[in-house]
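Student: Dropping in upload05.cif, which is mmCIF, C-alpha atoms:
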```
data_input
loop_
_atom_site.group_PDB
_atom_site.id
_atom_site.type_symbol
_atom_site.label_atom_id
_atom_site.label_comp_id
_atom_site.auth_asym_id
_atom_site.auth_seq_id
_atom_site.Cartn_x
_atom_site.Cartn_y
_atom_site.Cartn_z
ATOM 1 C CA MET A 1 -9.541 -23.563 -14.635
ATOM 2 C CA ASP A 2 -10.323 -20.211 -13.115
ATOM 3 C CA SER A 3 -13.898 -18.852 -13.046
ATOM 4 C CA CYS A 4 -15.407 -22.237 -13.945
ATOM 5 C CA ARG A 5 -18.004 -22.162 -11.143
ATOM 6 C CA PHE A 6 -16.585 -25.295 -9.525
ATOM 7 C CA THR A 7 -18.129 -26.090 -6.144
ATOM 8 C CA GLY A 8 -17.411 -28.512 -3.340
ATOM 9 C CA ARG A 9 -14.036 -30.024 -2.540
ATOM 10 C CA ILE A 10 -10.993 -30.705 -4.678
ATOM 11 C CA PRO A 11 -10.996 -34.495 -5.278
ATOM 12 C CA PRO A 12 -8.187 -36.691 -3.890
ATOM 13 C CA ALA A 13 -7.372 -37.845 -7.419
ATOM 14 C CA ILE A 14 -5.633 -34.497 -8.021
ATOM 15 C CA GLY A 15 -2.650 -36.030 -6.246
ATOM 16 C CA ASN A 16 -2.084 -38.230 -9.290
ATOM 17 C CA LEU A 17 -0.991 -35.161 -11.269
ATOM 18 C CA SER A 18 2.451 -35.311 -9.692
ATOM 19 C CA SER A 19 4.153 -33.571 -12.648
ATOM 20 C CA LEU A 20 1.792 -30.586 -12.647
ATOM 21 C CA LYS A 21 3.612 -27.258 -12.577
ATOM 22 C CA ILE A 22 0.824 -24.652 -12.812
ATOM 23 C CA LEU A 23 -2.614 -24.838 -11.163
ATOM 24 C CA TYR A 24 -5.132 -21.989 -11.211
ATOM 25 C CA LEU A 25 -8.491 -22.661 -9.516
ATOM 26 C CA ASN A 26 -9.296 -19.061 -8.604
ATOM 27 C CA GLU A 27 -12.766 -17.502 -8.638
ATOM 28 C CA ASN A 28 -14.733 -20.650 -7.975
ATOM 29 C CA ASN A 29 -16.709 -21.859 -4.965
ATOM 30 C CA LEU A 30 -14.298 -24.501 -3.704
ATOM 31 C CA GLN A 31 -14.262 -25.425 -0.033
ATOM 32 C CA ALA A 32 -11.984 -26.994 2.569
ATOM 33 C CA PRO A 33 -10.478 -29.356 3.327
ATOM 34 C CA LEU A 34 -7.792 -29.932 0.753
ATOM 35 C CA PRO A 35 -7.153 -33.655 0.207
ATOM 36 C CA ASN A 36 -3.978 -35.036 1.762
ATOM 37 C CA SER A 37 -2.916 -36.044 -1.736
ATOM 38 C CA PHE A 38 -2.575 -32.339 -2.620
ATOM 39 C CA GLY A 39 0.848 -32.518 -0.999
ATOM 40 C CA ASN A 40 1.919 -34.872 -3.806
ATOM 41 C CA LEU A 41 1.998 -31.970 -6.265
ATOM 42 C CA THR A 42 5.637 -31.382 -5.453
ATOM 43 C CA GLU A 43 6.487 -30.026 -8.921
ATOM 44 C CA LEU A 44 4.034 -27.112 -8.660
ATOM 45 C CA VAL A 45 5.613 -23.754 -9.442
ATOM 46 C CA GLU A 46 2.428 -21.656 -9.517
ATOM 47 C CA LEU A 47 -0.681 -22.171 -7.365
ATOM 48 C CA CYS A 48 -3.670 -19.826 -7.291
ATOM 49 C CA LEU A 49 -6.704 -20.626 -5.125
ATOM 50 C CA GLU A 50 -7.789 -16.989 -4.840
ATOM 51 C CA SER A 51 -11.495 -16.090 -4.423
ATOM 52 C CA ASN A 52 -12.928 -19.350 -3.164
ATOM 53 C CA GLN A 53 -14.551 -20.423 0.113
ATOM 54 C CA PHE A 54 -11.637 -22.112 1.853
ATOM 55 C CA THR A 55 -11.797 -21.939 5.659
ATOM 56 C CA GLY A 56 -9.671 -22.941 8.621
ATOM 57 C CA GLU A 57 -5.914 -22.639 8.844
ATOM 58 C CA ILE A 58 -3.715 -22.636 5.753
ATOM 59 C CA PRO A 59 -3.394 -26.375 4.976
ATOM 60 C CA GLN A 60 -0.104 -28.068 5.754
ATOM 61 C CA GLN A 61 -0.233 -29.661 2.294
ATOM 62 C CA ILE A 62 0.501 -26.262 0.756
ATOM 63 C CA TYR A 63 3.648 -25.850 2.840
ATOM 64 C CA GLN A 64 4.896 -29.146 1.339
ATOM 65 C CA LEU A 65 5.035 -27.651 -2.164
ATOM 66 C CA ARG A 66 8.633 -26.517 -1.972
ATOM 67 C CA GLN A 67 9.046 -25.664 -5.645
ATOM 68 C CA LEU A 68 6.418 -22.923 -5.473
ATOM 69 C CA GLU A 69 7.410 -19.533 -6.818
ATOM 70 C CA HIS A 70 3.885 -18.073 -7.008
ATOM 71 C CA LEU A 71 1.262 -18.628 -4.274
ATOM 72 C CA ASP A 72 -2.069 -16.798 -4.163
ATOM 73 C CA LEU A 73 -4.578 -17.731 -1.439
ATOM 74 C CA GLY A 74 -6.215 -14.318 -1.327
ATOM 75 C CA ARG A 75 -9.912 -13.615 -0.755
ATOM 76 C CA ASN A 76 -10.826 -16.794 1.063
ATOM 77 C CA LYS A 77 -11.785 -17.313 4.696
ATOM 78 C CA PHE A 78 -8.555 -18.687 6.093
ATOM 79 C CA THR A 79 -8.077 -18.125 9.818
ATOM 80 C CA GLY A 80 -5.373 -18.710 12.399
ATOM 81 C CA ASN A 81 -1.687 -17.932 12.208
ATOM 82 C CA ILE A 82 0.707 -18.131 9.290
ATOM 83 C CA SER A 83 2.820 -21.149 10.232
ATOM 84 C CA PRO A 84 6.411 -19.958 10.872
ATOM 85 C CA SER A 85 7.918 -23.359 10.113
ATOM 86 C CA GLY A 86 5.600 -23.986 7.176
ATOM 87 C CA ILE A 87 6.164 -20.702 5.341
ATOM 88 C CA GLN A 88 9.914 -21.103 5.779
ATOM 89 C CA GLN A 89 9.797 -24.226 3.624
ATOM 90 C CA LEU A 90 8.674 -22.200 0.607
ATOM 91 C CA SER A 91 12.083 -20.665 0.074
ATOM 92 C CA LEU A 92 11.674 -20.185 -3.698
ATOM 93 C CA LEU A 93 8.631 -17.926 -3.462
ATOM 94 C CA LYS A 94 8.714 -14.755 -5.529
ATOM 95 C CA TYR A 95 5.011 -13.927 -5.179
ATOM 96 C CA LEU A 96 2.995 -14.442 -1.973
ATOM 97 C CA ARG A 97 -0.551 -13.136 -1.610
ATOM 98 C CA LEU A 98 -2.662 -13.980 1.444
ATOM 99 C CA ALA A 99 -4.764 -10.811 1.349
ATOM 100 C CA GLY A 100 -8.456 -10.702 2.172
ATOM 101 C CA ASN A 101 -8.599 -13.515 4.710
ATOM 102 C CA GLN A 102 -9.019 -13.550 8.486
ATOM 103 C CA LEU A 103 -5.474 -14.464 9.448
ATOM 104 C CA ASN A 104 -4.348 -13.337 12.881
ATOM 105 C CA GLY A 105 -1.282 -13.388 15.071
ATOM 106 C CA SER A 106 1.925 -11.653 14.104
ATOM 107 C CA ILE A 107 3.823 -11.715 10.825
ATOM 108 C CA PRO A 108 6.209 -14.643 11.350
ATOM 109 C CA GLU A 109 9.868 -13.752 11.432
ATOM 110 C CA THR A 110 10.584 -16.619 9.059
ATOM 111 C CA ILE A 111 8.708 -14.884 6.251
ATOM 112 C CA PHE A 112 11.654 -12.492 6.026
ATOM 113 C CA SER A 113 13.946 -15.406 5.151
ATOM 114 C CA LEU A 114 12.179 -15.759 1.787
ATOM 115 C CA HIS A 115 14.903 -13.848 0.001
ATOM 116 C CA GLN A 116 13.454 -14.328 -3.489
ATOM 117 C CA LEU A 117 10.221 -12.484 -2.693
ATOM 118 C CA GLU A 118 9.305 -9.671 -5.047
ATOM 119 C CA HIS A 119 5.622 -9.357 -4.126
ATOM 120 C CA LEU A 120 4.223 -9.716 -0.579
ATOM 121 C CA ASP A 121 0.559 -8.969 0.077
ATOM 122 C CA LEU A 122 -0.838 -9.678 3.558
ATOM 123 C CA SER A 123 -3.377 -6.860 3.495
ATOM 124 C CA ASN A 124 -6.938 -6.993 4.829
ATOM 125 C CA ASN A 125 -6.411 -9.554 7.567
ATOM 126 C CA LYS A 126 -6.242 -9.330 11.361
ATOM 127 C CA LEU A 127 -2.469 -9.453 11.730
ATOM 128 C CA ALA A 128 -1.142 -7.655 14.804
ATOM 129 C CA GLY A 129 2.137 -6.754 16.434
ATOM 130 C CA PRO A 130 5.071 -4.787 15.010
ATOM 131 C CA ILE A 131 6.705 -4.798 11.596
ATOM 132 C CA SER A 132 10.037 -6.489 12.212
ATOM 133 C CA PRO A 133 13.316 -4.761 11.279
ATOM 134 C CA SER A 134 14.164 -8.072 9.597
ATOM 135 C CA ILE A 135 12.039 -6.916 6.691
ATOM 136 C CA GLN A 136 15.236 -5.420 5.284
ATOM 137 C CA GLN A 137 16.279 -8.959 4.305
ATOM 138 C CA LEU A 138 13.711 -8.945 1.484
ATOM 139 C CA CYS A 139 16.080 -6.989 -0.726
ATOM 140 C CA LEU A 140 14.322 -7.935 -4.010
ATOM 141 C CA LEU A 141 10.880 -6.822 -2.835
ATOM 142 C CA LYS A 142 8.995 -4.555 -5.247
ATOM 143 C CA HIS A 143 5.447 -4.669 -3.863
ATOM 144 C CA LEU A 144 4.716 -4.634 -0.125
ATOM 145 C CA HIS A 145 1.088 -4.500 0.987
ATOM 146 C CA LEU A 146 0.323 -4.735 4.713
ATOM 147 C CA ALA A 147 -2.720 -2.450 4.762
ATOM 148 C CA GLU A 148 -5.921 -3.000 6.747
ATOM 149 C CA ASN A 149 -4.523 -5.046 9.591
ATOM 150 C CA LYS A 150 -3.881 -4.313 13.265
ATOM 151 C CA LEU A 151 -0.146 -3.741 13.016
ATOM 152 C CA ALA A 152 1.243 -1.472 15.731
ATOM 153 C CA GLY A 153 4.461 0.200 16.796
ATOM 154 C CA GLU A 154 6.794 2.297 14.700
ATOM 155 C CA ILE A 155 7.650 1.826 11.056
ATOM 156 C CA PRO A 156 11.136 0.299 11.237
ATOM 157 C CA LYS A 157 13.821 2.468 9.674
ATOM 158 C CA GLU A 158 15.240 -0.693 8.120
ATOM 159 C CA ILE A 159 12.382 -0.693 5.638
ATOM 160 C CA GLY A 160 14.327 2.022 3.838
ATOM 161 C CA ALA A 161 16.832 -0.611 2.721
ATOM 162 C CA LEU A 162 14.265 -2.054 0.285
ATOM 163 C CA SER A 163 15.684 -0.154 -2.646
ATOM 164 C CA GLN A 164 13.609 -1.972 -5.300
ATOM 165 C CA LEU A 165 10.208 -1.018 -3.857
ATOM 166 C CA VAL A 166 7.592 0.203 -6.331
ATOM 167 C CA GLU A 167 4.513 0.080 -4.087
ATOM 168 C CA LEU A 168 4.203 0.348 -0.296
ATOM 169 C CA THR A 169 0.812 0.342 1.420
ATOM 170 C CA LEU A 170 0.672 0.381 5.226
ATOM 171 C CA ASN A 171 -2.622 2.234 5.543
ATOM 172 C CA ALA A 172 -5.379 1.424 8.060
ATOM 173 C CA ASN A 173 -3.222 0.022 10.832
ATOM 174 C CA HIS A 174 -2.243 1.319 14.284
ATOM 175 C CA LEU A 175 1.272 2.498 13.449
ATOM 176 C CA THR A 176 2.804 5.241 15.592
ATOM 177 C CA GLY A 177 5.956 7.359 15.741
ATOM 178 C CA GLU A 178 7.542 9.378 12.983
ATOM 179 C CA ILE A 179 7.987 8.517 9.324
ATOM 180 C CA PRO A 180 11.636 7.365 9.163
ATOM 181 C CA LYS A 181 13.759 9.764 7.137
ATOM 182 C CA ARG A 182 15.781 6.857 5.812
ATOM 183 C CA MET A 183 12.679 5.672 3.956
ATOM 184 C CA PHE A 184 13.160 8.366 1.341
ATOM 185 C CA LEU A 185 16.846 7.917 0.597
ATOM 186 C CA GLN A 186 16.927 4.750 -1.553
ATOM 187 C CA TRP A 187 13.427 4.484 -2.998
ATOM 188 C CA ARG A 188 14.163 5.734 -6.489
ATOM 189 C CA HIS A 189 11.583 3.351 -8.001
ATOM 190 C CA LEU A 190 8.731 3.933 -5.552
ATOM 191 C CA SER A 191 5.493 4.904 -7.297
ATOM 192 C CA ILE A 192 2.803 4.451 -4.616
ATOM 193 C CA LEU A 193 3.180 5.303 -0.918
ATOM 194 C CA ASP A 194 0.115 4.975 1.319
ATOM 195 C CA LEU A 195 0.547 5.523 5.070
ATOM 196 C CA SER A 196 -2.953 6.867 5.694
ATOM 197 C CA ASP A 197 -5.245 6.024 8.612
ATOM 198 C CA ASN A 198 -2.580 5.433 11.229
ATOM 199 C CA GLN A 199 -1.355 7.440 14.220
ATOM 200 C CA LEU A 200 1.888 8.738 12.764
ATOM 201 C CA GLU A 201 3.414 11.943 14.131
ATOM 202 C CA GLY A 202 6.122 14.393 13.168
ATOM 203 C CA GLY A 203 6.739 16.014 9.820
ATOM 204 C CA ILE A 204 7.469 15.020 6.241
ATOM 205 C CA SER A 205 11.194 15.144 5.615
ATOM 206 C CA SER A 206 12.596 17.324 2.841
ATOM 207 C CA ASN A 207 14.242 14.086 1.680
ATOM 208 C CA ILE A 208 10.934 13.288 0.025
ATOM 209 C CA GLN A 209 12.428 14.899 -3.084
ATOM 210 C CA LYS A 210 14.433 11.671 -3.503
ATOM 211 C CA LEU A 211 11.260 9.781 -4.455
ATOM 212 C CA GLU A 212 11.596 10.811 -8.065
ATOM 213 C CA SER A 213 9.227 8.117 -9.419
ATOM 214 C CA LEU A 214 6.389 8.810 -6.977
ATOM 215 C CA THR A 215 2.926 9.146 -8.531
ATOM 216 C CA CYS A 216 0.672 8.760 -5.471
ATOM 217 C CA LEU A 217 1.283 9.980 -1.900
ATOM 218 C CA ASN A 218 -1.336 9.442 0.809
ATOM 219 C CA VAL A 219 -0.568 10.287 4.444
ATOM 220 C CA SER A 220 -4.074 11.423 5.391
ATOM 221 C CA CYS A 221 -5.728 10.766 8.759
ATOM 222 C CA ASN A 222 -2.628 10.800 10.927
ATOM 223 C CA LYS A 223 -1.205 13.301 13.423
ATOM 224 C CA LEU A 224 1.467 14.777 11.171
ATOM 225 C CA TRP A 225 2.477 18.377 11.678
ATOM 226 C CA GLY A 226 4.876 21.031 10.418
ATOM 227 C CA TRP A 227 5.122 22.719 7.040
ATOM 228 C CA ILE A 228 4.491 21.006 3.737
ATOM 229 C CA PRO A 229 8.047 20.701 2.386
ATOM 230 C CA ARG A 230 8.620 22.850 -0.670
ATOM 231 C CA GLU A 231 10.888 20.080 -1.974
ATOM 232 C CA MET A 232 7.727 18.139 -2.751
ATOM 233 C CA GLY A 233 7.413 20.382 -5.795
ATOM 234 C CA GLU A 234 10.363 18.569 -7.367
ATOM 235 C CA LEU A 235 8.283 15.391 -7.687
ATOM 236 C CA THR A 236 7.013 16.112 -11.175
ATOM 237 C CA LYS A 237 5.495 12.642 -11.657
ATOM 238 C CA LEU A 238 3.110 13.040 -8.723
ATOM 239 C CA GLU A 239 -0.532 12.687 -9.735
ATOM 240 C CA GLU A 240 -2.269 12.440 -6.346
ATOM 241 C CA VAL A 241 -1.305 14.048 -3.033
ATOM 242 C CA CYS A 242 -3.493 13.494 0.021
ATOM 243 C CA LEU A 243 -2.448 15.251 3.247
ATOM 244 C CA ALA A 244 -5.961 15.586 4.707
ATOM 245 C CA ASP A 245 -6.881 15.431 8.391
ATOM 246 C CA ASN A 246 -3.495 16.090 9.922
ATOM 247 C CA GLU A 247 -2.016 19.126 11.671
ATOM 248 C CA PHE A 248 0.044 20.660 8.864
ATOM 249 C CA SER A 249 0.527 24.395 9.234
ATOM 250 C CA GLY A 250 2.128 27.325 7.436
ATOM 251 C CA LEU A 251 1.866 28.318 3.809
ATOM 252 C CA ILE A 252 1.093 26.113 0.846
ATOM 253 C CA PRO A 253 4.418 26.141 -1.040
ATOM 254 C CA ARG A 254 4.411 27.831 -4.436
ATOM 255 C CA GLU A 255 6.819 25.144 -5.582
ATOM 256 C CA LEU A 256 3.901 22.698 -5.746
ATOM 257 C CA GLY A 257 3.025 24.464 -8.978
ATOM 258 C CA ASN A 258 5.885 22.503 -10.574
ATOM 259 C CA MET A 259 3.998 19.214 -10.240
ATOM 260 C CA VAL A 260 2.703 19.309 -13.802
ATOM 261 C CA ASN A 261 1.037 15.879 -13.647
ATOM 262 C CA LEU A 262 -0.943 16.584 -10.491
ATOM 263 C CA THR A 263 -4.649 15.724 -10.794
ATOM 264 C CA CYS A 264 -5.667 15.819 -7.108
ATOM 265 C CA PHE A 265 -4.383 17.841 -4.163
ATOM 266 C CA ASP A 266 -6.231 17.178 -0.892
ATOM 267 C CA ALA A 267 -5.122 19.049 2.225
ATOM 268 C CA ARG A 268 -8.475 19.414 3.977
ATOM 269 C CA GLY A 269 -8.653 19.524 7.744
ATOM 270 C CA ASN A 270 -5.256 21.019 8.591
ATOM 271 C CA ASN A 271 -4.003 24.348 9.923
ATOM 272 C CA LEU A 272 -2.732 25.861 6.689
ATOM 273 C CA SER A 273 -2.600 29.633 6.438
ATOM 274 C CA GLY A 274 -1.992 32.477 4.016
ATOM 275 C CA ALA A 275 -3.031 32.747 0.405
ATOM 276 C CA ILE A 276 -3.534 29.857 -1.985
ATOM 277 C CA PRO A 277 -0.668 30.057 -4.501
ATOM 278 C CA GLU A 278 -1.710 31.091 -7.969
ATOM 279 C CA GLU A 279 0.614 28.425 -9.329
ATOM 280 C CA LEU A 280 -1.774 25.666 -8.157
ATOM 281 C CA GLY A 281 -4.562 26.969 -10.349
ATOM 282 C CA LYS A 282 -2.317 26.846 -13.403
ATOM 283 C CA LEU A 283 -1.541 23.145 -13.133
ATOM 284 C CA PRO A 284 -2.718 21.734 -16.480
ATOM 285 C CA LYS A 285 -4.109 18.416 -15.203
ATOM 286 C CA LEU A 286 -5.523 19.456 -11.839
ATOM 287 C CA GLU A 287 -9.081 18.141 -11.392
ATOM 288 C CA ASN A 288 -9.559 18.239 -7.610
ATOM 289 C CA LEU A 289 -8.357 20.970 -5.245
ATOM 290 C CA LEU A 290 -9.559 20.231 -1.714
ATOM 291 C CA LEU A 291 -8.590 22.705 1.005
ATOM 292 C CA ALA A 292 -11.659 23.021 3.231
ATOM 293 C CA ASN A 293 -11.354 23.307 7.019
ATOM 294 C CA ASN A 294 -8.094 25.229 6.988
ATOM 295 C CA ASN A 295 -9.438 28.232 8.846
ATOM 296 C CA ASP A 296 -6.431 30.487 8.314
ATOM 297 C CA LEU A 297 -6.389 30.367 4.529
ATOM 298 C CA ARG A 298 -7.329 33.818 3.312
ATOM 299 C CA ARG A 299 -8.648 35.811 0.400
ATOM 300 C CA PRO A 300 -8.274 37.115 -2.181
ATOM 301 C CA LEU A 301 -8.357 34.095 -4.416
ATOM 302 C CA PRO A 302 -5.928 34.237 -7.346
ATOM 303 C CA ASP A 303 -7.585 34.485 -10.753
ATOM 304 C CA SER A 304 -6.310 31.043 -11.683
ATOM 305 C CA ILE A 305 -8.088 29.492 -8.669
ATOM 306 C CA SER A 306 -11.294 31.398 -9.397
ATOM 307 C CA LYS A 307 -11.346 29.992 -12.917
ATOM 308 C CA LEU A 308 -10.575 26.525 -11.599
ATOM 309 C CA ILE A 309 -13.591 26.635 -9.253
ATOM 310 C CA LYS A 310 -15.922 27.202 -12.186
ATOM 311 C CA THR A 311 -14.739 24.172 -14.144
ATOM 312 C CA LYS A 312 -13.283 21.625 -11.693
ATOM 313 C CA VAL A 313 -14.002 20.093 -8.286
ATOM 314 C CA CYS A 314 -12.895 22.533 -5.598
ATOM 315 C CA ASP A 315 -13.659 22.310 -1.892
ATOM 316 C CA LEU A 316 -12.369 25.420 -0.155
ATOM 317 C CA ASN A 317 -13.276 27.226 3.059
ATOM 318 C CA PRO A 318 -16.777 28.461 2.309
ATOM 319 C CA LYS A 319 -16.784 31.320 4.824
ATOM 320 C CA LYS A 320 -13.382 32.833 4.151
ATOM 321 C CA LEU A 321 -12.854 32.095 0.493
ATOM 322 C CA GLU A 322 -16.103 33.054 -1.210
ATOM 323 C CA LEU A 323 -15.989 34.127 -4.804
ATOM 324 C CA ASP A 324 -17.055 37.639 -5.610
ATOM 325 C CA ASP A 325 -20.320 37.880 -7.506
#
```
Hey, can you dump this file as structure tokens for me?
Tutor:
Amino acid sequence: MDSCRFTGRIPPAIGNLSSLKILYLNENNLQAPLPNSFGNLTELVELCLESNQFTGEIPQQIYQLRQLEHLDLGRNKFTGNISPSGIQQLSLLKYLRLAGNQLNGSIPETIFSLHQLEHLDLSNNKLAGPISPSIQQLCLLKHLHLAENKLAGEIPKEIGALSQLVELTLNANHLTGEIPKRMFLQWRHLSILDLSDNQLEGGISSNIQKLESLTCLNVSCNKLWGWIPREMGELTKLEEVCLADNEFSGLIPRELGNMVNLTCFDARGNNLSGAIPEELGKLPKLENLLLANNNDLRRPLPDSISKLIKTKVCDLNPKKLELDD
């Protein structure tokens, strides 16, 4: 019963459906409170209340539904903490989405005891504090989204133990320290890695070549420095690379010309120097080449780049890299 334009409250009579296993009421205009009888739906396996107008703390009735494998409360107006004792009761969860609310406090340690979790999305809330090393206990996790919160401290090296990860988004937090090298060693399935808009320092390890399934890398708007590792060129599935607004220096590696699926390369606002490699201009799918505000990049432009400028979106240093008339 999703997108049915229901309004008001869920009636108490719903508790009579004690054998119900799947309930989707997403994209309506339903409001709190849930009736106490909602806790009678003890056979529920899937519950989706996403995109409604629920307010207040996550109702205790939901924590009573211990057969749940799929729980989506995203895009409501829930506030307060995630109950440590309540969430622990949902030990069969494989999918948990609480994104797009106003939840605060820290991520409860007990959430890492949900060993069946494959998808965890707590993004776009007001969660604070560190990411616990206990996250390594979620060994089946494939999708981890903690973006747009107030998480602080270092990225725990233990996160590298999540060998099944396909997507990791930690962007728009207050994370500090270096990117753990261990992160790159076991993530053979990782496709999306977004660490942008934090306060991360240090360089990108040459171990990044281990991320053989990576299609999107975004580490923009941090304090990263050092050379762009030439080993990045071995990631032939990469489609988008965003390194903008950091402190990367040195040459742009020619090896990046091996990334045959690359559509966007954004390294604006760094300290890159030398010539732009001709190999970049020969990439068959490249649509966006963004290198402005790297004051030590120099002319002459390779012919392949000159041709690219005439047909694609290029943002280079206007004063140092003008095209000849």
Student: Applied to the shown file, which residues does the PyMOL selection byres ((chain A and resi 301) around 9) return, written as a PyMOL selection string?
Tutor: chain A and resi 275-278+298-300+302-306+321-323
Student: Calculate how many Å separate atom CA of A:Ile22 from atom CA of A:Thr110, rounding to one decimal.
Tutor: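 Atom CA of A:Thr110 lies 25.3 Å from atom CA of A:Ile22.
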Student: On this file, the PyMOL selection byres ((chain A and resi 281) around 12) gives some set of residues; write that set as number ranges by chain.
Tutor: A: 254, 256-260, 262-265, 276-280, 282-289, 301-314
Student: List the spatial neighbours of stretch 115-118 of chain A as a list in words - criterion: any atom at most 10 Å away, only C-alpha atoms, same-chain residues fewer than 3 positions off excluded.
Tutor: Glu69, His70, Ser91, Leu92, Leu93, Lys94, Tyr95, Leu96, Ile111, Phe112, Gln136, Gln137, Leu138, Cys139, Leu140, Leu141, Lys142, His143, Leu144, Gln164 and Leu165 of chain A
Student: Take the PyMOL selection byres ((chain A and resi 208) around 10), run it mentally on this structure, and tell me the resulting residues as a compact mmCIF listing (two decimals) with C-alpha atoms, keeping the file's coordinate frame.
Tutor:
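File expr.txt, as written:
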```txt
# COMPACT_ATOMS: atom_id res chain seq x y z
CA LYS A 181 13.76 9.76 7.14
CA ARG A 182 15.78 6.86 5.81
CA MET A 183 12.68 5.67 3.96
CA PHE A 184 13.16 8.37 1.34
CA LEU A 185 16.85 7.92 0.60
CA TRP A 187 13.43 4.48 -3.00
CA ILE A 204 7.47 15.02 6.24
CA SER A 205 11.19 15.14 5.62
CA SER A 206 12.60 17.32 2.84
CA ASN A 207 14.24 14.09 1.68
CA GLN A 209 12.43 14.90 -3.08
CA LYS A 210 14.43 11.67 -3.50
CA LEU A 211 11.26 9.78 -4.46
CA GLU A 212 11.60 10.81 -8.06
CA LEU A 214 6.39 8.81 -6.98
CA PRO A 229 8.05 20.70 2.39
CA ARG A 230 8.62 22.85 -0.67
CA GLU A 231 10.89 20.08 -1.97
CA MET A 232 7.73 18.14 -2.75
CA GLY A 233 7.41 20.38 -5.80
CA GLU A 234 10.36 18.57 -7.37
CA LEU A 235 8.28 15.39 -7.69
```
Student: I want to know what sits within 10 Å of A:Cys216, based on all atoms listed in the file, with residues of the same chain fewer than 2 positions away left out; could you give that as a ChimeraX atom specification?
Tutor: /A:167,190-194,213-214,218,237-242,262,264
Student: Suppose you want the space between atom CA of A:Gly226 and atom CA of A:Ile131; what is it in Å?
Tutor: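 Rounded to one decimal, the two atoms are 25.9 Å apart.
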Student: Name the residues in contact with A:Gly105 at a cut-off of 7 Å, using all atoms listed in the file, excluding same-chain residues fewer than 6 positions from it; report them as a CSV table (one decimal) with C-alpha atoms, in the frame of the given file.
Tutor:
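Result went into selection_21.csv, see below:
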```csv
chain,number,residue,atom,x,y,z
A,81,ASN,CA,-1.7,-17.9,12.2
A,127,LEU,CA,-2.5,-9.5,11.7
A,128,ALA,CA,-1.1,-7.7,14.8
```
Student: Between A:Asn173, A:Asn36, A:Asn222, A:Asn29, which residue has the minimum interatomic distance to A:Pro11, considering only C-alpha atoms?
Tutor: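 That would be A:Asn36, the residue with the smallest distance to A:Pro11.
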Student: One number please: atom CA of A:Leu217 to atom CA of A:Leu151, in Å, one decimal.
Tutor: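 According to the coordinates, atom CA of A:Leu217 and atom CA of A:Leu151 are separated by 20.3 Å.
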Student: For each of A:Thr236, A:Thr55, A:Gln67, A:Asn101, take the minimum atom-to-atom distance to A:Thr215, counting only C-alpha atoms, then give the residue where this is smallest.
Tutor: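 That would be A:Thr236, the residue with the smallest distance to A:Thr215.
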Student: For A:Ala292, please output as an NGL selection string all residues within 9 Å (counting only C-alpha atoms; exclusion window: fewer than 5 positions along the same chain).
Tutor: :A and (266-270 or 314-318)
Student: Using only C-alpha atoms, please write the residues we just selected to a file, as a tab-separated table (two decimals), in the frame of the given file.
Tutor:
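Below you can see out.tsv, which holds the result:
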```
chain	number	residue	atom	x	y	z
A	266	ASP	CA	-6.23	17.18	-0.89
A	267	ALA	CA	-5.12	19.05	2.22
A	268	ARG	CA	-8.48	19.41	3.98
A	269	GLY	CA	-8.65	19.52	7.74
A	270	ASN	CA	-5.26	21.02	8.59
A	314	CYS	CA	-12.90	22.53	-5.60
A	315	ASP	CA	-13.66	22.31	-1.89
A	316	LEU	CA	-12.37	25.42	-0.16
A	317	ASN	CA	-13.28	27.23	3.06
A	318	PRO	CA	-16.78	28.46	2.31
```
Student: Need to verify the contact set: A:Ser249, 7 Å, only C-alpha atoms, exclusion of same-chain residues closer than 6 positions in sequence. Can you return it as a ChimeraX atom specification?
Tutor: /A:225-227,270-273
Student: Considering only C-alpha atoms, can you say which of A:Asn16, A:Asn26, A:Gln31, A:Gln60 comes closest to A:Glu43?
Tutor: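 That would be A:Asn16, the residue with the smallest distance to A:Glu43.
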